[in-house]
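Right, one structure below, let's go through it.
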Amino acid sequence: MLFKNAVVLNEDFKFKKLDIRTSGDIITEIGENLFSENDFVIDAADKIIVPGLVDIHTHGCIGYDSSQVKSLETTDKMSKFYASCGTTTYFPTIESNSKENTISAVENLSYAIKKGVSGANIGGIHMEGPYFSRKYKGAQNESCLRLPDVDEFRRLFEKSDKNIKLISLAPELEGAFDFIKTVSQMCSVAIGHTDADYTEAKNAIDCGASVLTHSFNGMRPLHHRSPNAIGAALESDIFCEFICDGFHISKTVVKLMYNLITDNRMVLISDSLRAAGMNDGVYELAGLPVIVKDGKAYLEDGTIAGSTITLYECVKNLIRWGISPESAFKMASYNPSKAVKTDALFGSISVGKRADILLLNNDYSIKDVYIRGKMFEK
């Protein structure tokens with residue numbers, strides 16, 4: 001397949017007039033005026049090509065939660081929803097749950113990865129918990145929270161066929177530093193739902209933590225005399241997740257953070273719940289009722305839960321807020337993939353990487369989605 005005459009967001013995340021050749025599911029050549037011999041040619045004149053989006057933090061959509069899905073058919077439906085919204089790879093996120101339910105979720109998701117789905121690729125599994133602070137548990141089920149347990153994680157990692165790519169935990173908990181040292185050799189480790197002070201967060205980063213889970217949400221606030229986990233993350237080189245729905249974080253703070261850490265370390269996430277793609281109503285998250293009103297999700301006590309937004313909507317919000325399209329797409333494709341160490345496989349328009357491509361109109365609306373070199377049929 002040969003895409004010709006498009007304005008392409010290249011591997012340096014600069015827009016340039018380029019052609020792209022794919023073979024099977026891989027990008028094989030990128031250049032100007034590539035010669036077409038036996039290719040199926042797609043004339044992309046007046047169109048924009050960007051890498052498919054990568055969502056490393058999403059619990060669910062269209063009424064389903066990845067932690068509870070039992071059938072491959074249901075996971076396939078979810079993958080199609082993600083693909084229809086421009087996300088070509090997603091990391092189903094397991095919230096804090098019982099040991100039995102966590103094992104079941106890991107096994108079911110691992111099976112789906114092995115069998116494959118017909119929509120967005122499943123890039124791996126994200127465990128958001130269960131090793132979290134009770135004080136900043138957010139919408140995590142408190143009855144499921146426990147101390148970091150390396151042996152438990154090893155068992156889960158093996159049951160996942162080593163597909164767990166990210167785990168979030170609170171570093172102030174007993175045993176957390178040793179856990180981070182060990183587990184960061186197996187997957188990426190994030191700081192989240194935490195009451196950690198600056199020193200505890202800094203030690204966690206020194207031990208190998210490399211991501212901050214949904215920055216500002218579910219953690220002790222930044223204070224000018226107590227910088228806490230946010231301050232430790234800002235002065236380090238770790239990736240910082242952001243839910244850019246305009247509700248979880250003020251757009252002013254998002255823009256301030258962009259100016260501070262640039263598009264090299266910001267990672268856009270949806271943190272979407274099963275209510276994504278659905279109407280307002282009452283839903284469920286790990287046994288907790290979630291009320292969605294005007295597209296905003298809350299627990300019964302008013303605690304903000306996850307979001308109902310898609311990752312592509314986050315990108316469009318950033319562009320609307322004045323952040324460059326180049327940066328917005330980078331923070332939703334390459335950066336998340338790099339944060340979970342899968343950037344050698346996907347996340348940018350690069351020779352040798354998977355042919356996950358979005359063909360856009362000039363207003364950045366999605367025209368076509370290509371996953372592994374094939375057009376996704378909505």
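By convention in this document, the chains of the structure tokens carry letters A, B, ... by their order, each chain's residues are numbered from 1, and ligands are numbered from 1 in the order they are shown.
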message = List as an NGL selection string the protein and nucleic acid residues near Asn361 (chain A), meaning an atom at most 8 Å away when only C-alpha atoms are counted, but skip any in the same chain fewer than 3 places from it.
response = :A and (46-48 or 364-367)
Suppose we keep C-alpha atoms; can you now write the selection as a PDB file, in the first residue's frame?
ATOM      1  CA  ASP A  46      -5.272  17.586   0.926  1.00  0.00           C
ATOM      2  CA  LYS A  47      -5.185  15.092   3.798  1.00  0.00           C
ATOM      3  CA  ILE A  48      -3.076  14.768   6.948  1.00  0.00           C
ATOM      4  CA  TYR A 364      -8.226  17.220  12.080  1.00  0.00           C
ATOM      5  CA  SER A 365     -11.400  15.184  11.939  1.00  0.00           C
ATOM      6  CA  ILE A 366     -10.827  11.491  11.264  1.00  0.00           C
ATOM      7  CA  LYS A 367     -11.423  10.282   7.711  1.00  0.00           C
TER       8      LYS A 367
END
message = Need the shell around region 9-26 of chain A: protein/DNA/RNA residues with any atom at most 6 Å away, counting only C-alpha atoms. Skip same-chain ones fewer than 5 positions apart. Format as a list in words?
response = Met1, Leu2, Phe3, Lys4, Gly31, Glu32, Val50, Glu326, Ser348, Ile349, Ser350, Gly352, Lys353, Arg354, Ala355, Arg372 and Gly373 of chain A
Those selected residues, please, written with all heavy atoms and delivered as a CSV table (one decimal), in the first residue's frame.
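The result, written out as out.csv:
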chain,number,residue,atom,x,y,z
A,1,MET,N,0.9,-1.2,0.0
A,1,MET,CA,0.0,0.0,0.0
A,1,MET,C,0.9,1.2,0.0
A,1,MET,O,1.9,1.3,0.7
A,1,MET,CB,-0.9,0.0,1.2
A,1,MET,CG,-1.9,1.1,1.3
A,1,MET,SD,-3.0,0.9,2.7
A,1,MET,CE,-3.9,-0.6,2.4
A,2,LEU,N,0.5,2.2,-0.8
A,2,LEU,CA,1.3,3.5,-0.9
A,2,LEU,C,0.4,4.7,-0.6
A,2,LEU,O,-0.6,4.9,-1.4
A,2,LEU,CB,2.0,3.6,-2.2
A,2,LEU,CG,2.9,4.8,-2.4
A,2,LEU,CD1,4.0,4.8,-1.5
A,2,LEU,CD2,3.4,4.8,-3.9
A,3,PHE,N,0.6,5.4,0.4
A,3,PHE,CA,-0.1,6.7,0.7
A,3,PHE,C,0.7,7.8,0.0
A,3,PHE,O,1.9,8.0,0.3
A,3,PHE,CB,-0.2,6.9,2.2
A,3,PHE,CG,-1.0,5.9,3.0
A,3,PHE,CD1,-0.4,4.8,3.4
A,3,PHE,CD2,-2.3,6.2,3.2
A,3,PHE,CE1,-1.1,3.8,4.1
A,3,PHE,CE2,-3.1,5.2,3.9
A,3,PHE,CZ,-2.5,4.1,4.4
A,4,LYS,N,0.1,8.5,-0.9
A,4,LYS,CA,0.8,9.6,-1.6
A,4,LYS,C,0.2,10.9,-1.4
A,4,LYS,O,-1.0,11.1,-1.2
A,4,LYS,CB,0.8,9.3,-3.1
A,4,LYS,CG,1.7,8.1,-3.5
A,4,LYS,CD,1.9,8.0,-5.0
A,4,LYS,CE,2.7,9.2,-5.6
A,4,LYS,NZ,4.1,9.1,-5.1
A,31,GLY,N,9.2,8.7,2.2
A,31,GLY,CA,10.0,9.6,1.4
A,31,GLY,C,9.2,10.5,0.5
A,31,GLY,O,8.0,10.4,0.5
A,32,GLU,N,9.9,11.3,-0.3
A,32,GLU,CA,9.2,12.2,-1.2
A,32,GLU,C,9.1,11.5,-2.6
A,32,GLU,O,10.0,10.9,-3.1
A,32,GLU,CB,10.0,13.5,-1.3
A,32,GLU,CG,10.1,14.3,0.0
A,32,GLU,CD,10.8,15.6,-0.1
A,32,GLU,OE1,10.8,16.2,-1.2
A,32,GLU,OE2,11.5,16.0,0.8
A,50,VAL,N,-1.3,11.1,10.6
A,50,VAL,CA,-0.6,11.1,11.9
A,50,VAL,C,-0.6,9.7,12.4
A,50,VAL,O,-1.3,8.8,12.0
A,50,VAL,CB,-1.4,12.0,12.9
A,50,VAL,CG1,-1.4,13.5,12.5
A,50,VAL,CG2,-2.8,11.5,13.2
A,326,GLU,N,1.1,19.3,16.4
A,326,GLU,CA,2.3,18.4,16.5
A,326,GLU,C,2.5,17.9,17.9
A,326,GLU,O,2.7,16.7,18.1
A,326,GLU,CB,3.5,19.2,16.0
A,326,GLU,CG,3.5,19.6,14.5
A,326,GLU,CD,3.0,21.0,14.3
A,326,GLU,OE1,2.1,21.5,15.1
A,326,GLU,OE2,3.4,21.6,13.4
A,348,SER,N,4.7,6.1,16.3
A,348,SER,CA,5.2,7.2,15.4
A,348,SER,C,5.2,6.6,14.0
A,348,SER,O,5.2,5.4,13.8
A,348,SER,CB,6.5,7.7,15.8
A,348,SER,OG,7.5,6.7,15.7
A,349,ILE,N,5.2,7.6,13.0
A,349,ILE,CA,5.3,7.2,11.6
A,349,ILE,C,6.8,7.0,11.3
A,349,ILE,O,7.5,7.9,11.0
A,349,ILE,CB,4.7,8.3,10.7
A,349,ILE,CG1,3.3,8.6,11.1
A,349,ILE,CG2,4.8,7.9,9.3
A,349,ILE,CD1,2.3,7.5,10.8
A,350,SER,N,7.3,5.7,11.4
A,350,SER,CA,8.7,5.4,11.3
A,350,SER,C,8.8,4.1,10.6
A,350,SER,O,8.0,3.2,10.8
A,350,SER,CB,9.4,5.3,12.7
A,350,SER,OG,9.1,6.4,13.5
A,352,GLY,N,9.8,0.5,9.8
A,352,GLY,CA,9.9,-0.6,10.7
A,352,GLY,C,8.9,-0.8,11.8
A,352,GLY,O,8.8,-1.8,12.5
A,353,LYS,N,8.1,0.3,12.0
A,353,LYS,CA,7.1,0.3,13.0
A,353,LYS,C,5.8,-0.2,12.4
A,353,LYS,O,5.6,-0.2,11.2
A,353,LYS,CB,6.9,1.6,13.7
A,353,LYS,CG,8.1,2.0,14.6
A,353,LYS,CD,7.8,3.2,15.4
A,353,LYS,CE,9.0,3.6,16.3
A,353,LYS,NZ,8.8,4.7,17.2
A,354,ARG,N,4.9,-0.5,13.3
A,354,ARG,CA,3.6,-1.0,12.8
A,354,ARG,C,2.8,0.1,12.1
A,354,ARG,O,2.9,1.2,12.5
A,354,ARG,CB,2.8,-1.5,14.0
A,354,ARG,CG,1.7,-2.5,13.7
A,354,ARG,CD,1.2,-3.2,15.0
A,354,ARG,NE,0.7,-2.3,16.0
A,354,ARG,CZ,0.6,-2.6,17.3
A,354,ARG,NH1,1.0,-3.7,17.7
A,354,ARG,NH2,0.0,-1.7,18.1
A,355,ALA,N,2.1,-0.3,11.0
A,355,ALA,CA,1.4,0.6,10.2
A,355,ALA,C,0.0,1.0,10.8
A,355,ALA,O,-1.0,0.6,10.3
A,355,ALA,CB,1.3,0.1,8.8
A,372,ARG,N,-2.5,-1.9,11.6
A,372,ARG,CA,-1.6,-3.0,11.0
A,372,ARG,C,-1.7,-3.0,9.5
A,372,ARG,O,-1.7,-4.1,8.8
A,372,ARG,CB,-2.0,-4.4,11.6
A,372,ARG,CG,-1.7,-4.5,13.1
A,372,ARG,CD,-2.0,-5.9,13.6
A,372,ARG,NE,-1.8,-6.0,15.0
A,372,ARG,CZ,-0.6,-6.4,15.5
A,372,ARG,NH1,0.4,-6.7,14.7
A,372,ARG,NH2,-0.4,-6.5,16.8
A,373,GLY,N,-1.8,-1.8,8.9
A,373,GLY,CA,-1.8,-1.7,7.4
A,373,GLY,C,-3.1,-1.9,6.8
A,373,GLY,O,-3.2,-1.9,5.5
DSSP on the backbone, then: every residue of region 202-235 of chain A marked strand (DSSP E or B), written as a short mmCIF file (atom, residue, chain, number, x, y, z; two decimals) with N, CA and C atoms, in the first residue's frame.
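As written to disk, selection_0.cif reads:
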data_model
loop_
_atom_site.label_atom_id
_atom_site.label_comp_id
_atom_site.auth_asym_id
_atom_site.auth_seq_id
_atom_site.Cartn_x
_atom_site.Cartn_y
_atom_site.Cartn_z
N VAL A 211 6.69 7.03 35.77
CA VAL A 211 5.45 7.65 35.31
C VAL A 211 4.71 8.21 36.53
N LEU A 212 4.00 9.32 36.33
CA LEU A 212 3.10 9.86 37.35
C LEU A 212 1.67 9.64 36.85
N MET A 219 -3.77 12.50 44.48
CA MET A 219 -2.48 12.68 45.18
C MET A 219 -2.50 13.95 46.02
N HIS A 223 2.08 22.16 46.91
CA HIS A 223 2.04 23.34 47.78
C HIS A 223 3.41 24.01 47.70
N SER A 226 5.54 22.56 50.18
CA SER A 226 5.50 21.09 50.22
C SER A 226 5.22 20.57 48.81
#
task = Could you tell me, as a VMD selection string, which residues of region 105-211 of chain A DSSP assigns to alpha helix (DSSP H) when given the backbone?
result = chain A and resid 105 to 115 150 to 159 176 to 183 198 to 207
ask   = Which neighbours of Val189 (chain A) fall inside 12 Å, counting only C-alpha atoms, when residues of the same chain fewer than 6 positions from it are skipped, and could you give them as a ChimeraX atom specification?
value = /A:126-129,131,164-171,176-177,179-183,204-213,238-240,339-341
ask   = Using only C-alpha atoms, which residue out of A:Asp55, A:Asp356, A:Asp237, A:Asp65 lies closest to Ala275 (chain A)?
value = A:Asp65
